[in-house]
Amino acid sequence: VGFVGFRATASTGGGGGGGGSGSSPSRLQFIVQPSDTERDERISPSVEVAVLDQNGNRVTGGEFEVNLELIGNSDGKLKGDDRERTRTGVATFNDIKVDEEGEYLLRASADGLSSADSDAFEVHERDGHGED
């Protein structure tokens, strides 16, 4: 009888598989930040939030519900779909807007994961009649 040689190499990142047991979800990160916009206009490009493991790699296995919350110095409210499920580790928010001018940021959260705050962005009065 004898021995059979066997070698295995583990790697992180790259495409494909769907996050094995070694990459447990840890935190959220904005990969497309909200941009300045006009009041009641859709934020474009769409805001995207990724689920990452402790090493910063995207967790593509499983599905997570990511919620957005508006944080700011005004009475503005976030309108549109503020809850999205991830697809291959990314939640895309393509229908959100803010109903009052001001300076804001978005906070992303999901059960069991560390939340993340976006960069600040400005919401201006429509038709460029805002005051600075």
# chains A, B, ... in the order shown; residues from 1 in each chain; ligands from 1
call {"tool": "residues_around", "arguments": {"residues": "Gln33 in chain A", "least_positions_apart": "4", "cutoff": "8 Å", "atoms": "only C-alpha atoms", "output": "PyMOL selection string"}}
result
chain A and resi 47-48+118-119
call {"tool": "write_last_selection", "arguments": {"atoms": "all heavy atoms", "output": "tab-separated table (two decimals), in the first residue's frame"}}
result
chain	number	residue	atom	x	y	z
A	47	VAL	N	-26.58	54.14	-4.82
A	47	VAL	CA	-25.74	53.85	-3.66
A	47	VAL	C	-25.59	52.34	-3.54
A	47	VAL	O	-26.56	51.59	-3.69
A	47	VAL	CB	-26.36	54.45	-2.39
A	47	VAL	CG1	-25.61	54.01	-1.15
A	47	VAL	CG2	-26.42	55.98	-2.49
A	48	GLU	N	-24.36	51.87	-3.27
A	48	GLU	CA	-24.11	50.44	-3.10
A	48	GLU	C	-23.37	50.19	-1.79
A	48	GLU	O	-22.42	50.92	-1.46
A	48	GLU	CB	-23.30	49.88	-4.27
A	48	GLU	CG	-24.05	49.92	-5.58
A	48	GLU	CD	-23.29	49.26	-6.72
A	48	GLU	OE1	-22.17	48.74	-6.51
A	48	GLU	OE2	-23.81	49.28	-7.84
A	118	SER	N	-21.78	56.69	5.44
A	118	SER	CA	-21.30	57.18	4.15
A	118	SER	C	-20.55	58.50	4.33
A	118	SER	O	-20.56	59.09	5.41
A	118	SER	CB	-22.48	57.40	3.20
A	118	SER	OG	-23.22	58.55	3.60
A	119	ASP	N	-19.96	58.95	3.24
A	119	ASP	CA	-19.43	60.30	3.21
A	119	ASP	C	-20.62	61.27	3.25
A	119	ASP	O	-21.74	60.91	2.87
A	119	ASP	CB	-18.65	60.54	1.91
A	119	ASP	CG	-17.37	59.71	1.84
A	119	ASP	OD1	-16.90	59.22	2.89
A	119	ASP	OD2	-16.85	59.54	0.72
call {"tool": "residues_around", "arguments": {"residues": "Pro45 in chain A", "least_positions_apart": "3", "cutoff": "9 Å", "atoms": "only C-alpha atoms", "output": "list in words"}}
result
Val32, Gln33, Pro34, Ser35, Arg42 and Asn94 of chain A
call {"tool": "write_last_selection", "arguments": {"atoms": "N, CA and C atoms", "output": "compact mmCIF listing (two decimals), in the first residue's frame"}}
result
# COMPACT_ATOMS: atom_id res chain seq x y z
N VAL A 32 -20.29 52.50 -3.37
CA VAL A 32 -20.68 53.67 -4.15
C VAL A 32 -21.33 54.63 -3.16
N GLN A 33 -20.66 55.77 -2.95
CA GLN A 33 -21.12 56.77 -1.98
C GLN A 33 -22.30 57.56 -2.55
N PRO A 34 -23.15 58.10 -1.67
CA PRO A 34 -24.20 59.00 -2.15
C PRO A 34 -23.57 60.28 -2.69
N SER A 35 -24.16 60.83 -3.74
CA SER A 35 -23.63 62.05 -4.35
C SER A 35 -24.59 63.21 -4.08
N ARG A 42 -33.85 61.47 -7.36
CA ARG A 42 -33.19 60.20 -7.07
C ARG A 42 -31.67 60.41 -6.98
N ASN A 94 -31.30 51.89 -5.66
CA ASN A 94 -31.43 52.69 -6.88
C ASN A 94 -32.67 53.57 -6.90
call {"tool": "residues_around", "arguments": {"residues": "Val123 in chain A", "least_positions_apart": "2", "cutoff": "8 Å", "atoms": "only C-alpha atoms", "output": "JSON, numbers by chain"}}
result
{"A": [36, 37, 38, 39, 98, 100, 101, 102, 103, 104, 121, 125]}
call {"tool": "closest_residue", "arguments": {"among": "A:Arg126, A:Arg27, A:Arg107, A:Arg83", "to": "Asn67 in chain A", "atoms": "only C-alpha atoms"}}
result
A:Arg83
call {"tool": "atom_distance", "arguments": {"atom1": "CA of Leu68 in chain A", "atom2": "CA of Ser23 in chain A"}}
result
23.9 Å
call {"tool": "residues_around", "arguments": {"residues": "Asp95 in chain A", "least_positions_apart": "3", "cutoff": "9 Å", "atoms": "only C-alpha atoms", "output": "PyMOL selection string"}}
result
chain A and resi 42-44+46+79-82
call {"tool": "write_last_selection", "arguments": {"atoms": "C-alpha atoms", "output": "PDB file, in the first residue's frame"}}
result
ATOM      1  CA  ARG A  42     -33.185  60.200  -7.069  1.00  0.00           C
ATOM      2  CA  ILE A  43     -29.599  59.891  -5.820  1.00  0.00           C
ATOM      3  CA  SER A  44     -27.498  58.913  -8.825  1.00  0.00           C
ATOM      4  CA  SER A  46     -27.171  54.256  -7.162  1.00  0.00           C
ATOM      5  CA  LYS A  79     -37.790  58.355   0.601  1.00  0.00           C
ATOM      6  CA  GLY A  80     -37.820  55.274  -1.588  1.00  0.00           C
ATOM      7  CA  ASP A  81     -36.622  51.725  -0.924  1.00  0.00           C
ATOM      8  CA  ASP A  82     -34.379  52.028   2.139  1.00  0.00           C
TER       9      ASP A  82
END
